[in-house]
file start-v5.cif (mmCIF, C-alpha atoms and all ligand atoms)
data_data
#
loop_
_atom_site.label_atom_id
_atom_site.label_comp_id
_atom_site.auth_asym_id
_atom_site.auth_seq_id
_atom_site.Cartn_x
_atom_site.Cartn_y
_atom_site.Cartn_z
CA MET A 1 0.00 0.00 0.00
CA ASP A 2 1.58 3.18 -1.24
CA GLY A 3 1.15 5.76 1.52
CA LYS A 4 3.05 8.39 -0.39
CA ALA A 5 0.73 8.31 -3.40
CA THR A 6 -2.40 7.93 -1.26
CA ALA A 7 -1.38 10.87 0.93
CA ALA A 8 -0.80 12.96 -2.21
CA ALA A 9 -4.34 12.11 -3.34
CA VAL A 10 -5.71 13.11 0.08
CA ARG A 11 -3.76 16.38 -0.06
CA GLY A 12 -5.29 17.09 -3.46
CA GLU A 13 -8.78 16.59 -2.01
CA VAL A 14 -7.95 18.79 0.99
CA ALA A 15 -6.61 21.55 -1.27
CA ALA A 16 -9.84 21.51 -3.29
CA GLU A 17 -11.91 21.67 -0.10
CA VAL A 18 -9.86 24.58 1.30
CA ALA A 19 -10.29 26.49 -1.97
CA ARG A 20 -14.04 25.82 -1.87
CA LEU A 21 -14.33 27.04 1.74
CA VAL A 22 -12.45 30.26 1.06
CA ASP A 23 -14.49 30.82 -2.09
CA ALA A 24 -17.79 30.30 -0.26
CA HIS A 25 -17.05 32.09 3.02
CA GLY A 26 -14.09 34.39 2.42
CA GLU A 27 -10.56 34.49 3.79
CA THR A 28 -11.69 34.04 7.43
CA ALA A 29 -12.71 30.49 6.48
CA ARG A 30 -9.15 29.54 5.60
CA PRO A 31 -8.17 26.71 8.00
CA GLY A 32 -5.22 27.52 10.25
CA LEU A 33 -2.91 25.18 12.15
CA ALA A 34 -0.57 26.26 14.95
CA VAL A 35 2.47 24.03 15.39
CA VAL A 36 4.37 24.40 18.64
CA ILE A 37 7.80 22.88 19.16
CA VAL A 38 9.94 23.14 22.29
CA GLY A 39 13.66 22.49 22.10
CA GLU A 40 16.06 21.38 19.41
CA ARG A 41 15.33 17.69 18.73
CA LYS A 42 16.32 17.07 15.12
CA ASP A 43 13.63 14.42 14.49
CA SER A 44 10.91 16.69 15.91
CA GLN A 45 12.15 19.58 13.77
CA THR A 46 11.98 17.35 10.68
CA TYR A 47 8.39 16.30 11.48
CA VAL A 48 7.32 19.88 12.18
CA ARG A 49 8.85 21.10 8.91
CA ALA A 50 7.03 18.37 6.99
CA LYS A 51 3.72 19.26 8.66
CA ARG A 52 4.10 22.96 7.91
CA ARG A 53 5.11 22.27 4.31
CA ALA A 54 2.04 20.08 3.83
CA CYS A 55 -0.19 22.86 5.19
CA GLU A 56 1.29 25.37 2.78
CA GLU A 57 0.83 22.99 -0.15
CA VAL A 58 -2.93 22.70 0.44
CA GLY A 59 -3.62 26.32 1.40
CA ILE A 60 -3.93 25.82 5.18
CA SER A 61 -2.31 28.71 7.11
CA SER A 62 0.44 27.39 9.33
CA PHE A 63 1.66 29.31 12.37
CA GLY A 64 4.96 28.10 13.79
CA PHE A 65 6.04 28.59 17.42
CA GLU A 66 9.61 27.53 18.10
CA LEU A 67 10.24 27.80 21.81
CA PRO A 68 13.61 27.31 23.51
CA GLU A 69 14.42 24.12 25.46
CA GLU A 70 14.27 26.03 28.77
CA THR A 71 10.66 27.20 28.23
CA THR A 72 8.74 26.86 31.48
CA GLN A 73 5.56 24.86 32.00
CA GLU A 74 3.63 28.07 32.64
CA ALA A 75 4.99 29.83 29.54
CA LEU A 76 4.06 26.87 27.31
CA GLN A 77 0.57 26.67 28.80
CA ASP A 78 0.22 30.43 28.20
CA VAL A 79 1.03 29.89 24.51
CA VAL A 80 -1.64 27.18 24.32
CA ARG A 81 -4.16 29.46 26.05
CA GLU A 82 -3.45 32.25 23.55
CA LEU A 83 -3.86 29.85 20.64
CA ASN A 84 -7.14 28.55 22.10
CA ALA A 85 -8.46 32.12 21.88
CA ARG A 86 -7.30 32.92 18.34
CA GLN A 87 -9.99 32.92 15.65
CA ASP A 88 -7.53 32.21 12.82
CA VAL A 89 -6.16 29.10 14.54
CA HIS A 90 -8.47 26.11 14.15
CA GLY A 91 -6.04 23.40 15.13
CA ILE A 92 -3.24 23.28 17.71
CA LEU A 93 -0.45 20.74 17.58
CA VAL A 94 2.19 20.51 20.29
CA GLN A 95 5.01 18.35 18.97
CA LEU A 96 5.94 15.47 21.27
CA PRO A 97 8.09 14.54 23.08
CA LEU A 98 8.39 17.67 25.21
CA PRO A 99 11.52 18.31 27.32
CA GLU A 100 11.78 16.32 30.58
CA HIS A 101 10.92 19.26 32.86
CA ILE A 102 7.54 19.77 31.20
CA ASP A 103 4.45 17.84 32.19
CA ASP A 104 3.01 17.07 28.76
CA GLU A 105 -0.29 15.86 30.19
CA LYS A 106 -1.02 19.33 31.58
CA VAL A 107 -0.12 20.92 28.26
CA LEU A 108 -2.22 18.58 26.10
CA ASP A 109 -5.17 18.74 28.50
CA GLY A 110 -5.10 22.53 28.09
CA ILE A 111 -5.79 22.42 24.37
CA GLU A 112 -9.40 23.27 23.63
CA ILE A 113 -10.96 19.98 22.46
CA GLY A 114 -12.37 21.62 19.33
CA LYS A 115 -8.78 22.48 18.32
CA ASP A 116 -7.23 19.17 19.39
CA VAL A 117 -6.34 18.07 15.84
CA ASP A 118 -3.86 15.48 17.15
CA GLY A 119 -6.77 13.86 19.01
CA PHE A 120 -4.76 13.35 22.21
CA HIS A 121 -7.10 15.19 24.61
CA PRO A 122 -8.48 12.71 27.17
CA LEU A 123 -12.04 13.63 26.24
CA ASN A 124 -11.39 12.80 22.60
CA ILE A 125 -9.59 9.56 23.50
CA GLY A 126 -12.31 8.70 26.05
CA ARG A 127 -15.03 9.19 23.47
CA LEU A 128 -13.06 7.07 21.00
CA CYS A 129 -13.02 4.25 23.55
CA MET A 130 -16.79 4.17 24.00
CA SER A 131 -19.31 3.10 21.40
CA GLY A 132 -22.87 4.30 20.92
CA ARG A 133 -22.14 7.69 22.47
CA THR A 134 -20.95 11.09 21.27
CA PRO A 135 -18.03 10.36 18.92
CA PRO A 136 -14.66 12.09 19.40
CA LEU A 137 -14.17 15.45 17.69
CA PHE A 138 -10.83 14.17 16.39
CA VAL A 139 -9.14 10.80 16.01
CA PRO A 140 -5.31 10.66 16.37
CA CYS A 141 -3.65 11.07 12.99
CA THR A 142 -1.50 7.92 12.78
CA PRO A 143 -4.30 5.43 13.60
CA LYS A 144 -6.67 7.37 11.35
CA GLY A 145 -4.08 7.25 8.57
CA CYS A 146 -3.68 3.45 8.91
CA VAL A 147 -7.43 2.94 8.59
CA GLU A 148 -7.76 5.41 5.71
CA LEU A 149 -4.98 3.64 3.83
CA MET A 150 -6.65 0.24 4.28
CA ASP A 151 -10.00 1.72 3.24
CA ARG A 152 -8.55 3.13 0.04
CA TYR A 153 -7.01 -0.23 -0.82
CA GLY A 154 -10.30 -2.01 -0.16
CA VAL A 155 -9.09 -3.89 2.92
CA ASP A 156 -12.20 -4.77 4.91
CA VAL A 157 -11.48 -5.34 8.61
CA GLU A 158 -14.92 -6.58 9.69
CA GLY A 159 -14.71 -9.96 11.42
CA LYS A 160 -10.97 -10.24 10.72
CA ASN A 161 -8.35 -11.19 13.29
CA VAL A 162 -6.24 -8.08 13.72
CA VAL A 163 -3.10 -8.05 15.84
CA VAL A 164 -1.87 -4.61 16.91
CA ILE A 165 1.67 -4.69 18.27
CA GLY A 166 2.03 -1.77 20.68
CA ARG A 167 -0.37 -0.13 23.14
CA SER A 168 0.78 3.48 23.25
CA ASN A 169 -1.75 6.25 23.78
CA ILE A 170 -0.91 7.82 20.44
CA VAL A 171 -0.82 4.75 18.16
CA GLY A 172 -1.60 1.24 19.43
CA LEU A 173 -4.47 1.95 21.81
CA PRO A 174 -6.50 4.36 19.62
CA LEU A 175 -5.89 2.18 16.57
CA ALA A 176 -7.21 -0.89 18.40
CA MET A 177 -10.32 1.09 19.34
CA LEU A 178 -10.91 2.30 15.78
CA LEU A 179 -10.62 -1.26 14.47
CA LEU A 180 -12.92 -2.59 17.19
CA HIS A 181 -15.59 -0.08 16.16
CA ARG A 182 -15.26 -1.51 12.67
CA ASN A 183 -16.00 -4.96 14.02
CA ALA A 184 -12.52 -6.41 13.79
CA THR A 185 -11.47 -8.98 16.39
CA VAL A 186 -8.56 -7.13 17.92
CA THR A 187 -5.63 -8.53 19.90
CA ILE A 188 -3.20 -6.05 21.39
CA CYS A 189 0.37 -7.25 21.96
CA HIS A 190 2.81 -5.30 24.09
CA SER A 191 6.15 -5.55 25.87
CA ARG A 192 4.84 -8.11 28.38
CA THR A 193 2.97 -10.27 25.87
CA ARG A 194 4.11 -13.89 25.89
CA ASP A 195 4.86 -15.20 22.42
CA THR A 196 3.79 -12.34 20.18
CA SER A 197 4.80 -14.40 17.13
CA ALA A 198 2.12 -17.02 17.94
CA LYS A 199 -0.52 -14.28 18.06
CA VAL A 200 0.68 -12.80 14.77
CA LYS A 201 0.48 -16.23 13.13
CA GLU A 202 -3.31 -16.12 13.68
CA ALA A 203 -3.68 -12.63 12.21
CA ASP A 204 -5.39 -11.67 8.97
CA ILE A 205 -4.11 -8.13 9.53
CA VAL A 206 -1.00 -7.13 11.48
CA VAL A 207 -0.22 -3.59 12.55
CA ALA A 208 3.28 -3.16 13.94
CA ALA A 209 3.82 -0.14 16.21
CA CYS A 210 6.42 -1.15 18.77
CA GLY A 211 9.48 0.83 17.65
CA ILE A 212 11.75 -2.21 17.24
CA PRO A 213 13.55 -2.42 13.87
CA LYS A 214 12.39 -5.41 11.77
CA PHE A 215 10.64 -6.98 14.78
CA VAL A 216 8.04 -8.84 12.69
CA ASP A 217 9.60 -11.66 10.71
CA LYS A 218 8.27 -13.24 7.51
CA SER A 219 7.97 -16.59 9.32
CA TRP A 220 5.33 -15.08 11.67
CA LEU A 221 2.94 -14.15 8.89
CA LYS A 222 -0.01 -16.07 7.53
CA LYS A 223 -0.06 -16.25 3.73
CA ASP A 224 -1.84 -13.20 2.27
CA ALA A 225 -1.88 -11.33 5.58
CA VAL A 226 -2.22 -7.55 5.39
CA VAL A 227 0.74 -5.81 7.03
CA VAL A 228 0.72 -2.20 8.18
CA ASP A 229 4.08 -1.00 9.47
CA VAL A 230 3.89 2.10 11.68
CA GLY A 231 7.46 1.91 12.98
CA ILE A 232 10.05 4.53 12.09
CA ASN A 233 13.48 3.47 13.33
CA ALA A 234 16.84 4.98 12.43
CA VAL A 235 19.51 2.30 11.96
CA ASP A 236 23.20 2.98 11.27
CA ASP A 237 24.11 2.87 7.59
CA PRO A 238 27.56 4.20 6.68
CA SER A 239 26.64 4.01 2.97
CA LYS A 240 24.17 6.89 3.48
CA LYS A 241 25.33 10.49 3.55
CA ARG A 242 23.54 11.13 6.86
CA GLY A 243 24.95 7.87 8.34
CA TYR A 244 21.61 6.14 8.93
CA ARG A 245 18.51 4.90 7.18
CA LEU A 246 14.92 4.47 8.30
CA VAL A 247 13.40 1.02 8.70
CA GLY A 248 10.05 -0.13 10.04
CA ASP A 249 9.03 -2.64 12.68
CA VAL A 250 8.62 -5.30 9.98
CA ASP A 251 11.27 -7.05 7.91
CA TYR A 252 9.83 -5.62 4.70
CA GLU A 253 11.69 -7.68 2.10
CA GLY A 254 10.75 -11.02 3.67
CA ALA A 255 7.22 -10.01 4.65
CA ALA A 256 6.47 -8.69 1.15
CA GLU A 257 6.88 -12.24 -0.19
CA VAL A 258 4.01 -13.49 1.99
CA ALA A 259 1.69 -10.51 2.48
CA SER A 260 -1.20 -9.58 0.19
CA PHE A 261 -0.75 -5.91 1.10
CA ILE A 262 2.12 -4.27 2.95
CA THR A 263 3.20 -0.69 3.68
CA PRO A 264 6.82 0.35 3.11
CA VAL A 265 8.93 2.50 5.44
CA PRO A 266 9.41 5.24 4.50
CA GLY A 267 6.47 5.99 2.22
CA GLY A 268 3.71 4.13 4.06
CA VAL A 269 2.00 5.28 7.23
CA GLY A 270 4.20 8.38 7.75
CA PRO A 271 2.79 10.49 4.88
CA MET A 272 -0.74 9.34 5.77
CA THR A 273 -0.27 10.68 9.32
CA ILE A 274 0.46 14.15 7.98
CA ALA A 275 -2.42 13.96 5.49
CA MET A 276 -4.82 13.15 8.37
CA LEU A 277 -3.55 16.17 10.29
CA LEU A 278 -4.68 18.26 7.33
CA THR A 279 -8.13 16.65 7.17
CA ASN A 280 -8.54 17.12 10.94
CA THR A 281 -7.62 20.81 10.62
CA VAL A 282 -10.18 21.33 7.85
CA GLU A 283 -12.83 19.55 9.95
CA ALA A 284 -11.98 21.82 12.89
CA CYS A 285 -12.43 24.90 10.73
CA LYS A 286 -15.68 23.71 9.17
CA ARG A 287 -17.33 23.28 12.56
CA HIS A 288 -17.30 27.08 12.90
CA LEU A 289 -18.87 27.73 9.51
CA PRO A 290 -22.50 27.69 8.45
CA ALA A 291 -23.16 24.78 6.06
CA LYS A 292 -22.48 25.91 2.48
P1 LIG B 301 6.01 3.77 22.24
O1 LIG B 301 7.45 3.57 22.58
O2 LIG B 301 5.21 4.78 22.98
O3 LIG B 301 5.25 2.38 22.37
C1 LIG B 301 5.81 1.20 21.93
C2 LIG B 301 4.85 0.07 22.25
O4 LIG B 301 5.42 -1.14 21.81
C3 LIG B 301 4.55 -0.07 23.73
O5 LIG B 301 3.15 -0.12 23.93
C4 LIG B 301 5.21 -1.40 24.12
O6 LIG B 301 4.45 -2.14 25.09
C5 LIG B 301 5.26 -2.14 22.80
N1 LIG B 301 6.39 -3.06 22.77
C6 LIG B 301 7.66 -2.83 23.15
N2 LIG B 301 8.41 -3.94 23.03
C7 LIG B 301 7.58 -4.90 22.56
C8 LIG B 301 7.75 -6.27 22.24
N3 LIG B 301 8.93 -6.88 22.40
N4 LIG B 301 6.68 -6.95 21.79
C9 LIG B 301 5.48 -6.36 21.64
N5 LIG B 301 5.27 -5.06 21.93
C10 LIG B 301 6.30 -4.34 22.39
O7 LIG B 301 5.99 4.05 20.68
P2 LIG B 301 4.89 4.75 19.75
O8 LIG B 301 4.92 6.21 19.98
O9 LIG B 301 3.60 4.02 19.86
O10 LIG B 301 5.53 4.46 18.34
C11 LIG B 301 5.74 3.14 17.86
C12 LIG B 301 6.56 3.20 16.58
O11 LIG B 301 5.81 3.93 15.61
C13 LIG B 301 7.90 3.95 16.69
O12 LIG B 301 8.82 3.36 15.81
C14 LIG B 301 7.56 5.36 16.23
O13 LIG B 301 8.69 6.03 15.69
C15 LIG B 301 6.56 5.05 15.15
N6 LIG B 301 5.59 6.11 14.89
C16 LIG B 301 5.33 6.36 13.59
C17 LIG B 301 4.39 7.32 13.25
C18 LIG B 301 4.09 7.54 11.81
O14 LIG B 301 3.55 8.56 11.44
N7 LIG B 301 4.42 6.58 10.94
C19 LIG B 301 3.73 8.05 14.23
C20 LIG B 301 4.00 7.74 15.57
C21 LIG B 301 4.93 6.77 15.89
#

call {"tool": "encode", "arguments": {"input": "start-v5.cif", "output": "structure tokens"}}
result
Amino acid sequence: MDGKATAAAVRGEVAAEVARLVDAHGETARPGLAVVIVGERKDSQTYVRAKRRACEEVGISSFGFELPEETTQEALQDVVRELNARQDVHGILVQLPLPEHIDDEKVLDGIEIGKDVDGFHPLNIGRLCMSGRTPPLFVPCTPKGCVELMDRYGVDVEGKNVVVIGRSNIVGLPLAMLLLHRNATVTICHSRTRDTSAKVKEADIVVAACGIPKFVDKSWLKKDAVVVDVGINAVDDPSKKRGYRLVGDVDYEGAAEVASFITPVPGGVGPMTIAMLLTNTVEACKRHLPAK
């Protein structure tokens, strides 16, 4: 499953929708995303640059806030409060991880839920975990991107055995919930699971999100399994100019021989994550507009 091409298609749709909104309602209807980063982490800076570039490509206004490493808890929460009040900011993203001295829970809980385009607010996550009640305003971008990618490739999850490897609040847990609501039979494996490979051998669909390079081996996979690889791991590679390359949580070459569908790394889930951030930002903006 080509996440790069699918994300490009989603961006095209988002760009058309942004143009339509501005045409119908004027410049105040242009969606705006605030991206806050604290400190100098190179990987975070790369992600933030990619997110801002994607916004610009589709016509979403992006407002960058680069705060120094020593920013205090109070100062960061003040920034979030100011962004909550701004009319031109429809979505707020605080790039994780935050520096050690900052309590990220307090920061994320302070984002107004209608602007929580990352979907990490406990009310949004709580709503995601319950069925038959008010749905969340936003679903976290990586899980949403995995499901969107499978949808666009016609992978039906209903009744299937799905193994999700990883239970983090930002990937594994919300993804398991999304799949459960689509009537998949979901097994969550984690660091204390005994014999993850045996669980994977039963799976029609495997989603790997544990952050361990090439963790899932070809020998674990059922023939024609669908494999979604969320992992992004830097491994040393002296042949590369930057000295490393990115690999997923699945041994791609081996797994590709057995799987019916598989996502590469890079070029799979990563671009879909950013595309879903754009769709969430447009949704956030549209909630303030009269239907047109
Ligand atoms: P995390 O470190 O918060 O969680 C890792 C999870 O893996 C934990 O729940 C842990 O219990 C589980 N785990 C660890 N060892 C295991 C083992 N031996 N067997 C089974 N489970 C095990 O990581 P995360 O934030 O959920 O991210 C997971 C991976 O996905 C990382 O490689 C990260 O870089 C990547 N990621 C990619 C995107 C994207 O857009 N593609 C977005 C977020 C995270």

call {"tool": "residues_near_ligand", "arguments": {"input": "start-v5.cif", "ligand": "ligand LIG 301 (chain B)", "cutoff": "6 Å", "atoms": "all atoms listed in the file", "output": "list in words"}}
result
Thr142, Ile165, Gly166, Arg167, Ser168, Ile170, Val171, Gly172, Cys189, His190, Ser191, Ala209, Cys210, Gly211, Val230, Gly231, Ile232, Asn233, Val269, Gly270 and Thr273 of chain A

call {"tool": "residues_around", "arguments": {"input": "start-v5.cif", "residues": "range 38-45 of chain A", "least_positions_apart": "4", "cutoff": "9 Å", "atoms": "only C-alpha atoms", "output": "JSON, numbers by chain"}}
result
{"A": [49, 50, 65, 66, 67, 68, 69, 70, 71, 76, 94, 95, 96, 97, 98, 99]}

call {"tool": "atom_distance", "arguments": {"input": "start-v5.cif", "atom1": "CA of Arg86 in chain A", "atom2": "CA of Leu33 in chain A"}}
result
10.8 Å

call {"tool": "closest_residue", "arguments": {"input": "start-v5.cif", "among": "A:Val155, A:Val36, A:Asn169, A:Asp103", "to": "His121 in chain A", "atoms": "all atoms listed in the file"}}
result
A:Asn169

call {"tool": "residues_around", "arguments": {"input": "start-v5.cif", "residues": "Lys199 in chain A", "least_positions_apart": "2", "cutoff": "9 Å", "atoms": "only C-alpha atoms", "output": "PyMOL selection string"}}
result
chain A and resi 163+187+189+195-197+201-203+220

call {"tool": "atom_distance", "arguments": {"input": "start-v5.cif", "atom1": "CA of Leu178 in chain A", "atom2": "CA of Thr279 in chain A"}}
result
17.0 Å

call {"tool": "closest_residue", "arguments": {"input": "start-v5.cif", "among": "A:Asp204, A:Asp224, A:Arg194, A:Glu112", "to": "Val164 in chain A", "atoms": "only C-alpha atoms"}}
result
A:Asp204

call {"tool": "residues_around", "arguments": {"input": "start-v5.cif", "residues": "Gln73 in chain A", "least_positions_apart": "5", "cutoff": "9 Å", "atoms": "all atoms listed in the file", "output": "PDB file with C-alpha atoms, in the coordinates of the input"}}
result
ATOM      1  CA  ASP A  78       0.220  30.430  28.200  1.00  0.00           C
ATOM      2  CA  HIS A 101      10.920  19.260  32.860  1.00  0.00           C
ATOM      3  CA  ILE A 102       7.540  19.770  31.200  1.00  0.00           C
ATOM      4  CA  ASP A 103       4.450  17.840  32.190  1.00  0.00           C
ATOM      5  CA  ASP A 104       3.010  17.070  28.760  1.00  0.00           C
ATOM      6  CA  LYS A 106      -1.020  19.330  31.580  1.00  0.00           C
ATOM      7  CA  VAL A 107      -0.120  20.920  28.260  1.00  0.00           C
TER       8      VAL A 107
END

call {"tool": "residues_near_point", "arguments": {"input": "start-v5.cif", "point": "(-5.4, 6.7, 15.7)", "cutoff": "10 Å", "atoms": "all atoms listed in the file", "output": "list in words"}}
result
Asp118, Gly119, Phe120, Ile125, Leu128, Phe138, Val139, Pro140, Cys141, Thr142, Pro143, Lys144, Gly145, Cys146, Val147, Asn169, Ile170, Val171, Gly172, Leu173, Pro174, Leu175, Ala176, Met177, Leu178, Leu179, Thr273 and Met276 of chain A

call {"tool": "residues_around", "arguments": {"input": "start-v5.cif", "residues": "Ile262 in chain A", "least_positions_apart": "3", "cutoff": "8 Å", "atoms": "all atoms listed in the file", "output": "VMD selection string"}}
result
chain A and resid 1 226 to 229 255 to 256 259

call {"tool": "atom_distance", "arguments": {"input": "start-v5.cif", "atom1": "CA of Lys51 in chain A", "atom2": "CA of Asp2 in chain A"}}
result
19.0 Å

call {"tool": "closest_residue", "arguments": {"input": "start-v5.cif", "among": "A:Leu21, A:Val258, A:Val265, A:Ala8", "to": "Glu57 in chain A", "atoms": "all atoms listed in the file"}}
result
A:Ala8

call {"tool": "residues_around", "arguments": {"input": "start-v5.cif", "residues": "Glu158 in chain A", "least_positions_apart": "3", "cutoff": "10 Å", "atoms": "all atoms listed in the file", "output": "mmCIF file with C-alpha atoms, in the frame of the given file"}}
result
data_model
loop_
_atom_site.group_PDB
_atom_site.id
_atom_site.type_symbol
_atom_site.label_atom_id
_atom_site.label_comp_id
_atom_site.auth_asym_id
_atom_site.auth_seq_id
_atom_site.Cartn_x
_atom_site.Cartn_y
_atom_site.Cartn_z
ATOM 1 C CA VAL A 155 -9.090 -3.890 2.920
ATOM 2 C CA ASN A 161 -8.350 -11.190 13.290
ATOM 3 C CA VAL A 162 -6.240 -8.080 13.720
ATOM 4 C CA LEU A 179 -10.620 -1.260 14.470
ATOM 5 C CA LEU A 180 -12.920 -2.590 17.190
ATOM 6 C CA HIS A 181 -15.590 -0.080 16.160
ATOM 7 C CA ARG A 182 -15.260 -1.510 12.670
ATOM 8 C CA ASN A 183 -16.000 -4.960 14.020
ATOM 9 C CA ALA A 184 -12.520 -6.410 13.790
ATOM 10 C CA THR A 185 -11.470 -8.980 16.390
#

call {"tool": "closest_residue", "arguments": {"input": "start-v5.cif", "among": "A:Leu289, A:Leu221, A:Ile92, A:Ala54", "to": "Val35 in chain A", "atoms": "only C-alpha atoms"}}
result
A:Ile92

call {"tool": "closest_residue", "arguments": {"input": "start-v5.cif", "among": "A:Arg52, A:His25, A:Arg152, A:Lys115", "to": "Asn280 in chain A", "atoms": "all atoms listed in the file"}}
result
A:Lys115

call {"tool": "closest_residue", "arguments": {"input": "start-v5.cif", "among": "A:Val80, A:Val247, A:Val18, A:Ala225", "to": "Phe261 in chain A", "atoms": "all atoms listed in the file"}}
result
A:Ala225

call {"tool": "decode", "arguments": {"input": "start-v5.cif", "residues": "range 227-239 of chain A", "atoms": "N, CA, C and O atoms", "output": "tab-separated table (two decimals), in the first residue's frame"}}
result
chain	number	residue	atom	x	y	z
A	227	VAL	N	-0.26	-6.29	6.06
A	227	VAL	CA	0.74	-5.81	7.03
A	227	VAL	C	0.85	-4.28	6.96
A	227	VAL	O	1.13	-3.73	5.91
A	228	VAL	N	0.59	-3.66	8.09
A	228	VAL	CA	0.72	-2.20	8.18
A	228	VAL	C	1.85	-1.91	9.16
A	228	VAL	O	1.80	-2.32	10.32
A	229	ASP	N	2.87	-1.23	8.67
A	229	ASP	CA	4.08	-1.00	9.47
A	229	ASP	C	4.14	0.47	9.89
A	229	ASP	O	4.39	1.36	9.07
A	230	VAL	N	3.90	0.72	11.18
A	230	VAL	CA	3.89	2.10	11.68
A	230	VAL	C	5.30	2.55	12.09
A	230	VAL	O	5.61	3.74	12.09
A	231	GLY	N	6.15	1.60	12.40
A	231	GLY	CA	7.46	1.91	12.98
A	231	GLY	C	8.32	2.83	12.12
A	231	GLY	O	8.31	2.72	10.89
A	232	ILE	N	9.03	3.71	12.77
A	232	ILE	CA	10.05	4.53	12.09
A	232	ILE	C	11.30	4.44	12.96
A	232	ILE	O	11.33	5.01	14.06
A	233	ASN	N	12.27	3.68	12.52
A	233	ASN	CA	13.48	3.47	13.33
A	233	ASN	C	14.71	3.83	12.51
A	233	ASN	O	14.84	3.39	11.36
A	234	ALA	N	15.59	4.63	13.11
A	234	ALA	CA	16.84	4.98	12.43
A	234	ALA	C	17.88	3.91	12.75
A	234	ALA	O	18.12	3.62	13.92
A	235	VAL	N	18.44	3.27	11.72
A	235	VAL	CA	19.51	2.30	11.96
A	235	VAL	C	20.77	2.78	11.23
A	235	VAL	O	20.68	3.37	10.15
A	236	ASP	N	21.92	2.53	11.85
A	236	ASP	CA	23.20	2.98	11.27
A	236	ASP	C	23.37	2.44	9.86
A	236	ASP	O	23.11	1.26	9.60
A	237	ASP	N	23.81	3.30	8.96
A	237	ASP	CA	24.11	2.87	7.59
A	237	ASP	C	25.18	3.80	7.02
A	237	ASP	O	24.88	4.89	6.53
A	238	PRO	N	26.44	3.34	7.12
A	238	PRO	CA	27.56	4.20	6.68
A	238	PRO	C	27.48	4.53	5.19
A	238	PRO	O	28.09	5.51	4.75
A	239	SER	N	26.72	3.74	4.41
A	239	SER	CA	26.64	4.01	2.97
A	239	SER	C	25.77	5.24	2.68
A	239	SER	O	25.78	5.77	1.58
